[in-house]
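Visitor: Have a peek at final_1.txt (compact mmCIF, C-alpha atoms).
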# COMPACT_ATOMS: atom_id res chain seq x y z
CA MET A 1314 91.90 -55.82 270.17
CA ARG A 1315 94.49 -57.41 272.45
CA THR A 1316 93.35 -58.10 275.98
CA GLY A 1317 95.36 -57.90 279.18
CA ARG A 1318 96.34 -60.78 281.43
CA THR A 1319 93.58 -62.26 283.54
CA ALA A 1320 95.82 -63.47 286.39
CA ILE A 1321 94.26 -66.93 286.42
CA GLY A 1322 96.71 -68.24 289.01
CA ALA A 1323 95.84 -65.46 291.43
CA LEU A 1324 92.12 -65.90 290.86
CA ALA A 1325 92.37 -69.64 291.34
CA LEU A 1326 94.09 -69.10 294.67
CA THR A 1327 91.44 -66.60 295.71
CA LEU A 1328 88.67 -69.05 294.86
CA ALA A 1329 90.46 -71.85 296.68
CA ALA A 1330 90.87 -69.57 299.67
CA MET A 1331 87.13 -68.88 299.73
CA THR A 1332 86.18 -72.55 299.00
CA ILE A 1333 82.76 -71.45 297.75
CA GLY A 1334 83.24 -70.67 294.08
CA TYR A 1335 82.96 -67.20 292.67
CA PHE A 1336 79.95 -66.20 294.74
CA ILE A 1337 80.85 -65.02 298.23
CA GLY A 1338 77.94 -65.47 300.60
CA VAL A 1339 77.02 -63.71 303.81
CA SER A 1340 78.77 -66.42 305.81
CA PHE A 1341 81.98 -68.22 304.93
CA HIS A 1342 80.40 -71.57 305.66
CA GLU A 1343 77.12 -70.86 303.90
CA PRO A 1344 76.66 -73.44 301.10
CA GLN A 1345 76.22 -72.19 297.56
CA VAL A 1346 74.45 -73.82 294.63
CA ALA A 1347 77.03 -75.31 292.29
CA GLN A 1348 76.96 -73.83 288.79
CA ALA A 1349 78.69 -74.65 285.55
CA ALA A 1350 81.11 -71.94 284.49
CA GLY A 1351 79.14 -69.39 282.52
CA GLY A 1352 75.80 -71.10 283.12
CA GLU A 1353 73.85 -73.27 280.71
CA VAL A 1354 73.73 -72.22 277.05
CA LYS A 1355 70.37 -73.38 275.67
CA SER A 1356 70.73 -72.35 272.05
CA PRO A 1357 73.51 -72.79 269.46
CA THR A 1358 73.21 -69.07 268.76
CA GLY A 1359 72.81 -68.09 272.41
CA ILE A 1360 75.25 -66.58 274.86
CA SER A 1361 76.60 -67.59 278.24
CA PRO A 1362 74.09 -66.18 280.74
CA ASP A 1363 76.51 -65.89 283.67
CA ARG A 1364 79.80 -64.23 282.85
CA TYR A 1365 82.61 -65.17 285.21
CA VAL A 1366 84.72 -62.36 283.79
CA TYR A 1367 83.84 -58.68 283.67
CA TYR A 1368 83.96 -56.67 280.46
CA PRO A 1369 84.15 -52.99 281.48
CA GLY A 1370 81.43 -50.84 280.02
CA THR A 1371 79.06 -53.72 279.27
CA GLU A 1372 77.01 -54.01 282.45
CA ASN A 1373 74.62 -51.68 284.25
CA LEU A 1374 74.92 -51.51 288.00
CA ARG A 1375 71.80 -52.24 290.00
CA LYS A 1376 70.46 -49.27 291.93
CA ASP A 1377 71.54 -50.85 295.22
CA GLU A 1378 74.83 -52.38 294.08
CA ILE A 1379 78.52 -51.46 294.43
CA ARG A 1380 81.18 -52.41 291.91
CA MET A 1381 84.75 -52.23 293.18
CA THR A 1382 87.80 -52.68 290.95
CA ALA A 1383 91.40 -53.15 292.02
CA CYS A 1384 93.27 -50.74 289.72
CA GLY A 1385 96.53 -51.24 291.62
CA THR A 1386 97.46 -53.75 294.31
CA GLY A 1387 101.26 -53.86 294.29
CA MET A 1388 104.24 -52.14 295.86
CA PRO A 1389 106.37 -49.02 295.24
CA ALA A 1390 108.72 -50.67 292.75
CA ALA A 1391 107.54 -50.44 289.13
CA ARG A 1392 106.16 -53.64 287.69
CA HIS A 1393 104.37 -54.27 284.42
CA GLY A 1394 101.95 -56.79 285.89
CA GLN A 1395 100.87 -54.90 289.01
CA ALA A 1396 100.48 -51.19 289.61
CA ALA A 1397 100.60 -49.52 293.01
CA SER A 1398 97.61 -48.98 295.30
CA CYS A 1399 94.34 -47.81 293.76
CA PHE A 1400 90.71 -48.93 294.09
CA LEU A 1401 87.82 -47.66 291.98
CA ILE A 1402 84.44 -47.74 293.73
CA GLU A 1403 81.33 -47.33 291.55
CA LEU A 1404 77.86 -47.01 293.04
CA GLY A 1405 74.45 -47.74 291.59
CA ASN A 1406 73.56 -44.05 291.91
CA GLY A 1407 76.27 -43.18 289.35
CA ASP A 1408 78.93 -41.93 291.77
CA LYS A 1409 82.51 -43.04 291.23
CA PHE A 1410 85.41 -42.61 293.66
CA LEU A 1411 89.11 -43.37 293.42
CA PHE A 1412 90.63 -44.46 296.72
CA ASP A 1413 94.35 -43.78 296.28
CA LEU A 1414 96.04 -43.40 292.92
CA GLY A 1415 99.40 -45.14 293.09
CA THR A 1416 102.11 -45.19 290.46
CA GLY A 1417 101.11 -47.08 287.32
CA SER A 1418 97.44 -47.40 288.25
CA MET A 1419 96.12 -45.01 285.60
CA ALA A 1420 97.04 -47.46 282.85
CA ASN A 1421 94.48 -49.82 284.36
CA VAL A 1422 91.93 -47.08 285.07
CA GLY A 1423 92.16 -45.90 281.47
CA SER A 1424 91.55 -49.42 280.17
CA TYR A 1425 88.07 -49.44 281.75
CA MET A 1426 87.05 -46.73 279.24
CA ILE A 1427 85.16 -44.60 281.74
CA PRO A 1428 84.65 -40.96 280.67
CA TYR A 1429 87.10 -38.78 282.57
CA ASP A 1430 84.24 -36.49 283.61
CA PHE A 1431 83.18 -39.33 285.92
CA LEU A 1432 86.65 -39.73 287.46
CA THR A 1433 87.07 -36.45 289.29
CA LYS A 1434 86.92 -37.50 292.97
CA VAL A 1435 90.15 -38.81 294.50
CA PHE A 1436 90.53 -39.79 298.16
CA LEU A 1437 94.09 -40.26 299.44
CA SER A 1438 95.05 -42.36 302.44
CA HIS A 1439 98.56 -40.84 302.61
CA LEU A 1440 101.24 -39.27 300.46
CA HIS A 1441 103.68 -42.06 299.59
CA THR A 1442 104.18 -42.25 295.82
CA ASP A 1443 102.68 -45.72 295.63
CA HIS A 1444 99.41 -44.18 296.82
CA TRP A 1445 99.23 -40.92 294.89
CA GLY A 1446 102.01 -41.02 292.28
CA ASP A 1447 99.59 -41.21 289.35
CA LEU A 1448 97.79 -37.98 290.15
CA GLY A 1449 99.83 -36.54 287.26
CA PRO A 1450 98.50 -38.97 284.62
CA LEU A 1451 94.91 -38.51 285.83
CA TRP A 1452 95.30 -34.73 285.91
CA ALA A 1453 97.03 -34.22 282.56
CA GLY A 1454 95.73 -37.32 280.78
CA GLY A 1455 92.12 -36.63 281.66
CA TRP A 1456 92.58 -32.96 280.74
CA THR A 1457 93.81 -33.81 277.24
CA ALA A 1458 91.29 -36.65 276.80
CA GLY A 1459 88.15 -34.59 277.30
CA ARG A 1460 87.58 -33.96 280.99
CA THR A 1461 85.51 -30.78 281.23
CA LYS A 1462 85.82 -29.91 284.93
CA PRO A 1463 88.45 -29.72 287.67
CA LEU A 1464 89.67 -32.59 289.81
CA GLU A 1465 88.86 -32.78 293.50
CA VAL A 1466 91.28 -34.36 295.97
CA TRP A 1467 90.51 -35.27 299.58
CA GLY A 1468 93.47 -36.07 301.79
CA PRO A 1469 94.82 -35.87 305.33
CA SER A 1470 96.71 -33.07 306.99
CA GLY A 1471 100.14 -33.71 308.45
CA ALA A 1472 101.84 -33.12 311.77
CA ARG A 1473 103.35 -30.07 310.04
CA GLU A 1474 101.95 -27.89 307.29
CA ASP A 1475 104.54 -29.15 304.80
CA MET A 1476 103.45 -32.77 305.40
CA GLY A 1477 99.79 -32.35 304.45
CA THR A 1478 97.75 -32.90 301.29
CA LYS A 1479 97.17 -29.19 300.64
CA TYR A 1480 100.91 -28.50 300.62
CA ALA A 1481 101.55 -31.57 298.45
CA VAL A 1482 99.02 -30.62 295.76
CA GLU A 1483 100.05 -26.95 295.75
CA HIS A 1484 103.64 -28.00 295.12
CA PHE A 1485 102.52 -30.60 292.59
CA MET A 1486 101.02 -27.71 290.65
CA LYS A 1487 104.26 -25.74 291.01
CA THR A 1488 106.27 -28.70 289.79
CA TYR A 1489 104.03 -29.03 286.75
CA ASN A 1490 103.72 -25.31 286.16
CA TRP A 1491 105.11 -25.48 282.59
CA ASP A 1492 102.67 -28.28 281.83
CA TYR A 1493 99.76 -26.31 283.29
CA MET A 1494 100.57 -22.96 281.66
CA THR A 1495 101.07 -24.36 278.17
CA ARG A 1496 97.94 -26.53 278.22
CA ALA A 1497 95.87 -23.75 279.80
CA ALA A 1498 96.82 -21.44 276.96
CA MET A 1499 96.22 -23.99 274.19
CA ILE A 1500 93.15 -25.85 275.55
CA SER A 1501 91.30 -24.49 278.60
CA PRO A 1502 92.50 -23.89 282.15
CA ILE A 1503 89.31 -25.20 283.78
CA PRO A 1504 90.00 -28.98 283.61
CA GLY A 1505 93.54 -28.31 284.81
CA SER A 1506 92.45 -27.02 288.19
CA ILE A 1507 92.55 -29.12 291.36
CA THR A 1508 90.40 -28.40 294.40
CA VAL A 1509 91.90 -29.74 297.63
CA HIS A 1510 89.80 -30.81 300.63
CA GLU A 1511 92.27 -31.37 303.46
CA PHE A 1512 90.98 -32.88 306.70
CA ASP A 1513 92.47 -33.48 310.13
CA TYR A 1514 94.26 -36.82 310.17
CA LYS A 1515 93.80 -37.13 313.95
CA LYS A 1516 90.01 -37.07 314.03
CA GLU A 1517 88.28 -40.39 314.53
CA ASN A 1518 85.43 -41.53 312.30
CA GLN A 1519 85.00 -37.99 310.96
CA VAL A 1520 82.78 -37.28 307.97
CA ILE A 1521 84.95 -35.92 305.15
CA TYR A 1522 82.39 -36.26 302.34
CA GLN A 1523 78.61 -36.44 302.36
CA LYS A 1524 76.53 -36.09 299.21
CA ASN A 1525 73.93 -37.98 297.18
CA GLY A 1526 73.35 -40.46 299.99
CA VAL A 1527 77.05 -41.30 300.27
CA THR A 1528 79.08 -40.76 303.43
CA ILE A 1529 82.87 -41.14 303.50
CA ARG A 1530 84.67 -41.11 306.84
CA SER A 1531 88.28 -41.23 307.95
CA PHE A 1532 90.11 -42.48 311.00
CA PRO A 1533 93.85 -42.47 311.81
CA ALA A 1534 96.27 -45.13 310.60
CA ILE A 1535 99.82 -45.88 311.74
CA HIS A 1536 102.45 -46.00 309.00
CA THR A 1537 106.00 -44.55 308.98
CA GLY A 1538 104.91 -41.27 310.59
CA ASP A 1539 101.91 -39.11 311.45
CA GLY A 1540 99.38 -38.38 308.70
CA PRO A 1541 98.07 -41.63 307.14
CA VAL A 1542 94.39 -42.48 307.47
CA SER A 1543 91.98 -45.26 306.66
CA LEU A 1544 88.71 -44.58 304.86
CA ILE A 1545 85.13 -45.82 305.18
CA LEU A 1546 82.47 -45.53 302.47
CA GLU A 1547 78.83 -45.94 303.55
CA TRP A 1548 75.88 -46.06 301.15
CA LYS A 1549 72.46 -47.75 301.24
CA GLY A 1550 73.42 -49.80 304.28
CA TYR A 1551 76.73 -50.97 302.78
CA LYS A 1552 80.04 -50.36 304.49
CA VAL A 1553 83.37 -50.61 302.67
CA VAL A 1554 86.60 -50.01 304.60
CA TYR A 1555 89.87 -49.13 302.86
CA GLY A 1556 92.85 -49.35 305.18
CA GLY A 1557 95.50 -47.70 303.04
CA ASP A 1558 98.89 -48.50 304.57
CA THR A 1559 98.87 -49.25 308.26
CA MET A 1560 100.28 -51.47 310.95
CA PRO A 1561 97.67 -53.08 313.23
CA ASN A 1562 95.90 -50.48 315.32
CA THR A 1563 92.93 -50.11 317.66
CA TRP A 1564 91.16 -47.59 315.41
CA MET A 1565 90.74 -50.28 312.76
CA LEU A 1566 89.26 -52.67 315.32
CA LYS A 1567 86.89 -49.97 316.56
CA TYR A 1568 85.61 -48.44 313.32
CA ALA A 1569 85.83 -51.26 310.74
CA LYS A 1570 83.38 -53.59 312.46
CA ASP A 1571 80.18 -54.64 310.69
CA ALA A 1572 81.72 -53.98 307.27
CA ASP A 1573 80.73 -55.74 304.10
CA VAL A 1574 84.29 -55.49 302.81
CA VAL A 1575 87.57 -54.62 304.52
CA ILE A 1576 90.48 -53.90 302.17
CA HIS A 1577 93.65 -54.14 304.24
CA GLU A 1578 97.30 -54.22 303.33
CA VAL A 1579 99.39 -57.32 303.88
CA MET A 1580 103.10 -57.32 303.10
CA PRO A 1581 105.01 -60.32 301.75
CA MET A 1582 106.25 -62.67 304.41
CA PRO A 1583 109.67 -61.49 305.71
CA ALA A 1584 111.66 -64.28 304.04
CA ASP A 1585 110.02 -63.46 300.71
CA MET A 1586 110.97 -59.79 301.15
CA VAL A 1587 114.60 -60.94 301.38
CA LYS A 1588 114.32 -63.43 298.52
CA PHE A 1589 112.31 -61.41 296.02
CA TYR A 1590 112.38 -57.74 297.03
CA ASN A 1591 116.10 -57.27 297.65
CA GLN A 1592 115.67 -56.33 301.31
CA PRO A 1593 118.31 -57.02 303.99
CA PRO A 1594 116.88 -59.27 306.71
CA GLN A 1595 116.82 -56.57 309.38
CA LEU A 1596 114.72 -54.30 307.11
CA ALA A 1597 112.57 -57.14 305.75
CA ILE A 1598 111.18 -58.01 309.17
CA ARG A 1599 110.56 -54.35 310.04
CA ALA A 1600 108.86 -53.64 306.70
CA SER A 1601 106.66 -56.73 306.82
CA CYS A 1602 105.68 -56.67 310.47
CA GLY A 1603 106.75 -53.24 311.77
CA PHE A 1604 105.42 -50.31 309.80
CA HIS A 1605 103.20 -52.55 307.65
CA THR A 1606 101.05 -55.60 308.42
CA CYS A 1607 102.24 -59.19 307.88
CA GLY A 1608 100.09 -62.22 307.15
CA PRO A 1609 99.36 -63.56 310.66
CA ALA A 1610 98.60 -60.03 311.92
CA PHE A 1611 96.24 -59.45 308.97
CA GLY A 1612 94.48 -62.67 309.85
CA LYS A 1613 94.11 -61.72 313.51
CA ILE A 1614 92.55 -58.38 312.54
CA MET A 1615 90.06 -60.03 310.20
CA SER A 1616 89.18 -62.64 312.82
CA GLU A 1617 88.22 -59.76 315.08
CA LEU A 1618 86.33 -57.76 312.43
CA LYS A 1619 84.58 -60.67 310.66
CA PRO A 1620 83.71 -58.82 307.42
CA ARG A 1621 81.66 -60.46 304.71
CA LEU A 1622 84.86 -60.36 302.68
CA ALA A 1623 88.47 -59.53 303.54
CA ILE A 1624 90.69 -58.30 300.71
CA ALA A 1625 94.48 -58.57 301.06
CA PHE A 1626 96.48 -56.18 298.87
CA HIS A 1627 99.83 -54.32 298.72
CA TRP A 1628 102.03 -57.21 297.67
CA PHE A 1629 103.23 -58.72 294.40
CA ASN A 1630 100.83 -61.58 293.76
CA GLU A 1631 102.73 -64.29 291.89
CA GLU A 1632 103.60 -67.98 292.06
CA GLY A 1633 106.62 -67.34 294.27
CA THR A 1634 104.72 -65.42 296.96
CA ARG A 1635 101.01 -66.09 296.99
CA TYR A 1636 101.02 -69.47 298.73
CA ASN A 1637 103.30 -68.36 301.56
CA GLN A 1638 101.14 -65.26 301.85
CA LEU A 1639 97.92 -67.23 302.20
CA GLU A 1640 99.49 -69.69 304.63
CA GLY A 1641 100.56 -66.81 306.87
CA ILE A 1642 97.04 -65.39 306.87
CA ARG A 1643 95.41 -68.78 307.45
CA GLU A 1644 97.39 -69.24 310.66
CA THR A 1645 94.94 -66.83 312.28
CA TYR A 1646 91.94 -66.44 309.94
CA ASP A 1647 89.59 -68.92 308.29
CA GLY A 1648 87.02 -66.51 306.87
CA PRO A 1649 86.29 -65.37 303.30
CA ILE A 1650 89.25 -63.70 301.62
CA SER A 1651 90.36 -62.39 298.26
CA MET A 1652 94.08 -62.32 297.50
CA ALA A 1653 94.02 -59.19 295.38
CA THR A 1654 95.67 -58.60 292.06
CA ASP A 1655 95.17 -55.87 289.48
CA ASN A 1656 91.84 -55.81 287.62
CA LEU A 1657 90.07 -58.06 290.07
CA VAL A 1658 86.44 -56.90 290.38
CA TRP A 1659 83.86 -57.33 293.12
CA ASN A 1660 80.13 -56.65 292.78
CA ILE A 1661 78.77 -56.12 296.29
CA ARG A 1662 75.11 -56.97 296.73
CA LYS A 1663 72.92 -57.51 299.76
CA LYS A 1664 73.02 -61.29 299.71
CA VAL A 1665 76.11 -62.07 297.70
CA ILE A 1666 79.47 -60.68 296.61
CA LEU A 1667 80.47 -61.61 293.08
CA GLU A 1668 84.17 -61.76 292.24
CA ARG A 1669 85.56 -61.81 288.69
CA MET A 1670 88.54 -60.70 286.66
CA ALA A 1671 88.14 -57.74 284.31
CA VAL A 1672 89.05 -58.43 280.71
CA ILE A 1673 90.73 -55.24 279.54
CA THR A 1674 92.07 -53.85 276.33
CA GLU A 1675 95.61 -52.53 276.21
CA GLU A 1676 94.65 -50.14 273.40
CA ALA A 1677 91.82 -48.20 275.02
CA TRP A 1678 90.82 -44.75 273.80
CA ALA A 1679 89.14 -42.09 275.91
CA VAL A 1680 85.34 -42.27 275.91
CA PRO A 1681 83.26 -39.07 275.61
CA GLY A 1682 81.11 -38.14 278.57
CA PRO A 1683 78.10 -35.84 278.92
CA GLY A 1684 80.10 -32.72 279.82
CA LYS A 1685 80.47 -29.85 277.40
CA ALA A 1686 84.05 -28.84 276.75
CA PRO A 1687 84.81 -25.37 278.11
CA ALA A 1688 85.86 -22.76 275.57
CA PRO A 1689 89.50 -21.72 275.47
CA ASP A 1690 90.32 -18.66 277.55
CA ARG A 1691 91.12 -16.12 274.83
CA THR A 1692 92.42 -13.67 277.42
CA ARG A 1693 95.40 -15.89 278.20
CA LYS A 1694 98.63 -14.91 276.54
CA SER A 1695 100.48 -17.41 274.43
CA GLU A 1696 103.40 -19.11 276.14
CA TYR A 1697 105.42 -18.78 272.94
CA THR A 1698 107.90 -15.96 272.60
CA PRO A 1699 108.67 -14.19 269.32
CA TRP A 1700 112.09 -15.88 269.37
CA THR A 1701 110.47 -19.35 269.04
CA LEU A 1702 107.78 -18.28 266.58
CA GLY A 1703 110.40 -16.72 264.35
CA HIS A 1704 111.51 -20.27 263.47
CA VAL A 1705 108.09 -21.66 262.42
CA TYR A 1706 108.35 -23.45 259.06
CA ASP A 1707 105.34 -22.79 256.82
CA THR A 1708 103.70 -26.02 255.57
CA SER A 1709 100.26 -24.55 254.86
CA ASP A 1710 100.54 -25.34 251.17
CA VAL A 1711 100.49 -29.10 251.79
CA GLU A 1712 98.01 -28.91 254.66
CA LYS A 1713 95.37 -26.77 252.93
CA GLU A 1714 93.39 -29.68 251.50
CA THR A 1715 93.21 -31.43 254.89
CA PHE A 1716 92.37 -28.14 256.59
CA ASP A 1717 89.53 -27.35 254.17
CA LYS A 1718 88.01 -30.83 254.39
CA PHE A 1719 88.11 -30.74 258.17
CA ASN A 1720 86.38 -27.34 258.33
CA LYS A 1721 83.67 -28.56 255.99
CA GLN A 1722 83.18 -31.83 257.89
CA PHE A 1723 82.70 -30.08 261.23
CA ASN A 1724 81.13 -26.87 259.95
CA LEU A 1725 83.96 -24.67 261.21
CA LYS A 1726 84.94 -21.24 260.05
CA PRO A 1727 88.49 -21.09 258.69
CA ALA A 1728 90.85 -19.86 261.39
CA PRO A 1729 94.55 -20.25 262.16
CA TYR A 1730 95.23 -23.63 263.68
CA LYS A 1731 98.90 -23.24 264.48
CA PRO A 1732 101.08 -20.48 265.93
CA GLN A 1733 101.75 -17.63 263.54
CA LYS A 1734 105.03 -15.87 262.97
CA PRO A 1735 105.20 -12.53 264.77
When written as structure tokens, how does the structure in this file appear?

Guide:
Amino acid sequence: MRTGRTAIGALALTLAAMTIGYFIGVSFHEPQVAQAAGGEVKSPTGISPDRYVYYPGTENLRKDEIRMTACGTGMPAARHGQAASCFLIELGNGDKFLFDLGTGSMANVGSYMIPYDFLTKVFLSHLHTDHWGDLGPLWAGGWTAGRTKPLEVWGPSGAREDMGTKYAVEHFMKTYNWDYMTRAAMISPIPGSITVHEFDYKKENQVIYQKNGVTIRSFPAIHTGDGPVSLILEWKGYKVVYGGDTMPNTWMLKYAKDADVVIHEVMPMPADMVKFYNQPPQLAIRASCGFHTCGPAFGKIMSELKPRLAIAFHWFNEEGTRYNQLEGIRETYDGPISMATDNLVWNIRKKVILERMAVITEEAWAVPGPGKAPAPDRTRKSEYTPWTLGHVYDTSDVEKETFDKFNKQFNLKPAPYKPQKP
């Protein structure tokens, strides 16, 4: 199988920024034992004991460990190499959560080959397309690839009813009504349902989810208008903060302290917004440092919070931008940092944080999970009309052999497998 890019340049910069190799310790200045890449191989038929890349689906999480994967770290514009904002958080108790689901991110999520029955909990920071634009691919793609239960979406309210998550998802379903009705009739309506949990965007440090030892909280963020929030996940003494999109604010300084990891946006430096992102200068400075967070401001925030690891995302990580980006941050922050790019993975443990690139396949298939597929709802009417069915062309004579073999292979009773003429 072909594998995706491993973003070596971005990873090299991240490692240089940390100065301590691919193990991130409790303290930035804490010395680490030097290791050869991959560890020592003691047998000509042996394997590398320490993988410095991550192969999805090949490692068990420890019972007290978090694995976090950057499924999207870029910006609203479409780009093959970087999707928009999305982080997958997997816990040692088996829970999995998607924090945001920006445009293009599902191509990465799908490449991890996780059964869709395990990817049903989505937490949204706000409703810009680069943070929830791939709800459609998760909803329909997971439905057709074997998900057996509905999706659940947690998201903030708005200053008005029509600016909240409940309104957005209800109208998402209206927009995709043809998609829903036709699949519901042909497959099952159950996996096509979405349950919305809307919460008050104004409340500070409120619990929006609590189950199985996991607590997820929200607090307000400031970005282009009322409604955005930042999120905190707490489990087994760990604390992971996801900022979403936000300009610097006092809520972040108050509620993100004592975190193991703080994931915070940082926009390209203003001159790079002009050079690379086609922005006029007056908009570039406002976008970078006005309704977003620029490098020096990111650094000041992290110098206040002092997390075990700061993660900078929401920018196109490439040769033209990453060094200016890091220089801007280093003006005000000298602590441990990861300059995020897609498919970068962190294993968070009590004494160490391990950072690696995921090696992904671009030809992934859906993986079955433990759920039992719901039966089709036979009470639903077909969405065909007699007018359409009157034009069905009969090819049963050439399909009979395939049909009979399939029924025998799977012990099925012969039954119509395509629409019949009226």

Visitor: Of the candidates A:Cys1399, A:Met1652, A:Ala1390, A:Ile1535, which shows the shortest atom-to-atom distance to A:Asn1591, using only C-alpha atoms?

Guide: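 Of the candidates, the smallest distance to A:Asn1591 is held by A:Ala1390.
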
Visitor: So, counting only C-alpha atoms, which residue among A:Glu1517, A:Glu1465, A:Glu1676, A:Glu1578 is closest to A:Gly1505?

Guide: A:Glu1465

Visitor: Provide the atom CA of A:Glu1644 to atom CA of A:Lys1552 distance in Å, to one decimal place.

Guide: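 Atom-to-atom, atom CA of A:Glu1644 to atom CA of A:Lys1552, that is 26.4 Å.
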
Visitor: Skip stretch 1608-1610 of chain A itself and residues of its chain fewer than 2 positions away, then list as a PyMOL selection string all residues within 9 Å of it, counting only C-alpha atoms.

Guide: chain A and resi 1560-1561+1579-1582+1601-1602+1606+1612-1615+1637-1646

Visitor: Let's have the selection written as an mmCIF file, in the frame of the given file, with C-alpha atoms.

Guide:
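Saved as out_29.cif:
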data_model
loop_
_atom_site.group_PDB
_atom_site.id
_atom_site.type_symbol
_atom_site.label_atom_id
_atom_site.label_comp_id
_atom_site.auth_asym_id
_atom_site.auth_seq_id
_atom_site.Cartn_x
_atom_site.Cartn_y
_atom_site.Cartn_z
ATOM 1 C CA MET A 1560 100.280 -51.470 310.950
ATOM 2 C CA PRO A 1561 97.670 -53.080 313.230
ATOM 3 C CA VAL A 1579 99.390 -57.320 303.880
ATOM 4 C CA MET A 1580 103.100 -57.320 303.100
ATOM 5 C CA PRO A 1581 105.010 -60.320 301.750
ATOM 6 C CA MET A 1582 106.250 -62.670 304.410
ATOM 7 C CA SER A 1601 106.660 -56.730 306.820
ATOM 8 C CA CYS A 1602 105.680 -56.670 310.470
ATOM 9 C CA THR A 1606 101.050 -55.600 308.420
ATOM 10 C CA GLY A 1612 94.480 -62.670 309.850
ATOM 11 C CA LYS A 1613 94.110 -61.720 313.510
ATOM 12 C CA ILE A 1614 92.550 -58.380 312.540
ATOM 13 C CA MET A 1615 90.060 -60.030 310.200
ATOM 14 C CA ASN A 1637 103.300 -68.360 301.560
ATOM 15 C CA GLN A 1638 101.140 -65.260 301.850
ATOM 16 C CA LEU A 1639 97.920 -67.230 302.200
ATOM 17 C CA GLU A 1640 99.490 -69.690 304.630
ATOM 18 C CA GLY A 1641 100.560 -66.810 306.870
ATOM 19 C CA ILE A 1642 97.040 -65.390 306.870
ATOM 20 C CA ARG A 1643 95.410 -68.780 307.450
ATOM 21 C CA GLU A 1644 97.390 -69.240 310.660
ATOM 22 C CA THR A 1645 94.940 -66.830 312.280
ATOM 23 C CA TYR A 1646 91.940 -66.440 309.940
#

Visitor: If you measure from atom CA of A:Asn1656 to atom CA of A:His1627, what distance in Å do you get, rounded to one decimal?

Guide: 13.8 Å

Visitor: At what distance in Å, to one decimal, does atom CA of A:Gly1423 lie from atom CA of A:Thr1634?

Guide: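 Computing it gives 27.9 Å between the two atoms.
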
Visitor: Neighbours of A:Asn1525 within 12 Å (all atoms listed in the file; same-chain residues fewer than 4 positions away dropped), as a PyMOL selection string?

Guide: chain A and resi 1404-1409+1529+1547-1549

Visitor: Within 9 Å of A:Val1554, counting all atoms listed in the file, which residues show up once you throw out same-chain ones fewer than 2 positions away? Write them as a list of chain:residue names, please.

Guide: A:Ser1543, A:Leu1544, A:Ile1545, A:Leu1546, A:Glu1547, A:Lys1552, A:Gly1556, A:Tyr1568, A:Ala1569, A:Ala1572, A:Asp1573, A:Val1574, A:Val1575, A:Ile1576, A:His1577
